[in-house]
Every structure is written in structure tokens, then in C-alpha cells.
Amino acid sequence: MIGPASIISPTLAASTRIVFCANSPLQEAAASGLEEASERRFFETQLKEYQERRDLFVGFLDRLGVTYTLPEGTYFVLMVCPRFLRS
């Protein structure tokens with residue numbers, strides 16, 4: 001955040017509590033979305049889209065000869081950067 005301390009300090013204090021819970025309307029919306037997820041094949045579609053994006057990204061890494069880990073349970077691809085490793 002950028003601004004006067006008189007605004008930043010209270011905002012940071014409040015956000016410490018806010019990030020750990022969703023407000024009631026958001027919880028209701030999420031519950032509704034989860035109830036319809038199967039019918040709309042949300043998770044299957046999301047998985048397919050993430051795999052397509054991952055495959056495109058790692059395809060470029062392959063072409064560049066970069067070593068990386070292929071994610072098995074996340075969408076994070078970790079690249080090996082040996083010149084930054086200490087011996």
C-alpha cells in the first residue's frame with residue numbers, strides 16, 4: 001500500500017483479520033457455485049484448461065532447454081536455475 005500512515009496502519013490491522021475469512025454473502029455464493037459445479041462440469045473444464053496452459057508453458061521451457069519440475073498436484077512449475085545455486 002502507498003499512502004499516509006494514518007490510513008495504512010488501520011487498513012493493515014483490519015486486513016489481518018479479513019484475509020482469513022470470507023463474508024457471509026461470499027460464503028453463500030461459493031456454496032451455490034459448488035452445488036452447481038458438477039452439473040456444469042466446472043472441475044473437468046478447469047482441469048483441462050489448466051493442463052492446456054501448463055503444456056504450452058512447459059513446451060516453451062523444453063524448447064529453451066530449461067530443467068523444471070512438472071507439477072502433479074498444483075499449477076506451479078518450478079525451474080532449476082543452477083547459476084543461482086550456491087556450491
# chains A, B, ... in the order shown; residues from 1 in each chain; ligands from 1
>>> select_by_dssp(residues="chain A", states="helix (DSSP H, G or I)", output="PyMOL selection string")
chain A and resi 5-18+24-37+42-64+82-84
>>> write_last_selection(atoms="C-alpha atoms", output="compact mmCIF listing (two decimals), in the first residue's frame")
# COMPACT_ATOMS: atom_id res chain seq x y z
CA ALA A 5 0.40 6.14 7.72
CA SER A 6 -2.91 7.29 9.22
CA ILE A 7 -4.72 5.24 6.55
CA ILE A 8 -2.23 2.39 6.05
CA SER A 9 -1.90 1.36 9.70
CA PRO A 10 -5.63 0.82 10.37
CA THR A 11 -6.09 -0.83 6.97
CA LEU A 12 -3.30 -3.32 7.65
CA ALA A 13 -4.72 -4.04 11.09
CA ALA A 14 -8.15 -4.74 9.59
CA SER A 15 -6.84 -6.76 6.65
CA THR A 16 -5.01 -9.09 9.02
CA ARG A 17 -8.40 -10.40 10.12
CA ILE A 18 -10.23 -10.10 6.80
CA SER A 24 -21.44 -14.23 4.59
CA PRO A 25 -22.58 -13.21 1.07
CA LEU A 26 -19.35 -14.58 -0.40
CA GLN A 27 -19.78 -17.85 1.51
CA GLU A 28 -23.32 -18.21 0.13
CA ALA A 29 -22.10 -17.51 -3.40
CA ALA A 30 -19.30 -20.07 -3.08
CA ALA A 31 -21.73 -22.68 -1.74
CA SER A 32 -24.08 -22.07 -4.67
CA GLY A 33 -21.21 -22.37 -7.10
CA LEU A 34 -20.06 -25.65 -5.56
CA GLU A 35 -23.60 -27.03 -5.74
CA GLU A 36 -23.70 -26.36 -9.50
CA ALA A 37 -20.09 -27.34 -10.22
CA PHE A 42 -16.67 -26.96 -13.82
CA PHE A 43 -13.83 -29.04 -12.40
CA GLU A 44 -13.37 -31.11 -15.55
CA THR A 45 -13.28 -27.94 -17.67
CA GLN A 46 -10.92 -26.17 -15.26
CA LEU A 47 -8.56 -29.16 -15.19
CA LYS A 48 -8.48 -29.31 -19.00
CA GLU A 49 -7.81 -25.57 -19.30
CA TYR A 50 -5.02 -25.68 -16.69
CA GLN A 51 -3.40 -28.67 -18.40
CA GLU A 52 -3.50 -26.88 -21.76
CA ARG A 53 -1.87 -23.78 -20.25
CA ARG A 54 0.72 -25.85 -18.41
CA ASP A 55 1.58 -27.83 -21.53
CA LEU A 56 2.00 -24.65 -23.56
CA PHE A 57 4.26 -23.12 -20.91
CA VAL A 58 6.45 -26.18 -20.37
CA GLY A 59 6.64 -26.63 -24.14
CA PHE A 60 8.47 -23.31 -24.31
CA LEU A 61 10.72 -24.37 -21.44
CA ASP A 62 11.51 -27.58 -23.34
CA ARG A 63 12.42 -25.57 -26.44
CA LEU A 64 14.71 -23.40 -24.32
CA PRO A 82 21.82 -23.59 -11.47
CA ARG A 83 23.63 -20.31 -11.87
CA PHE A 84 21.78 -19.04 -8.80
>>> atom_distance(atom1="CA of Thr74 (chain A)", atom2="CA of Arg41 (chain A)")
19.6 Å
>>> select_by_dssp(residues="chain A", states="strand (DSSP E or B)", output="ChimeraX atom specification")
/A:68-69,78-79
>>> atom_distance(atom1="CA of Gly65 (chain A)", atom2="CA of Cys81 (chain A)")
11.5 Å
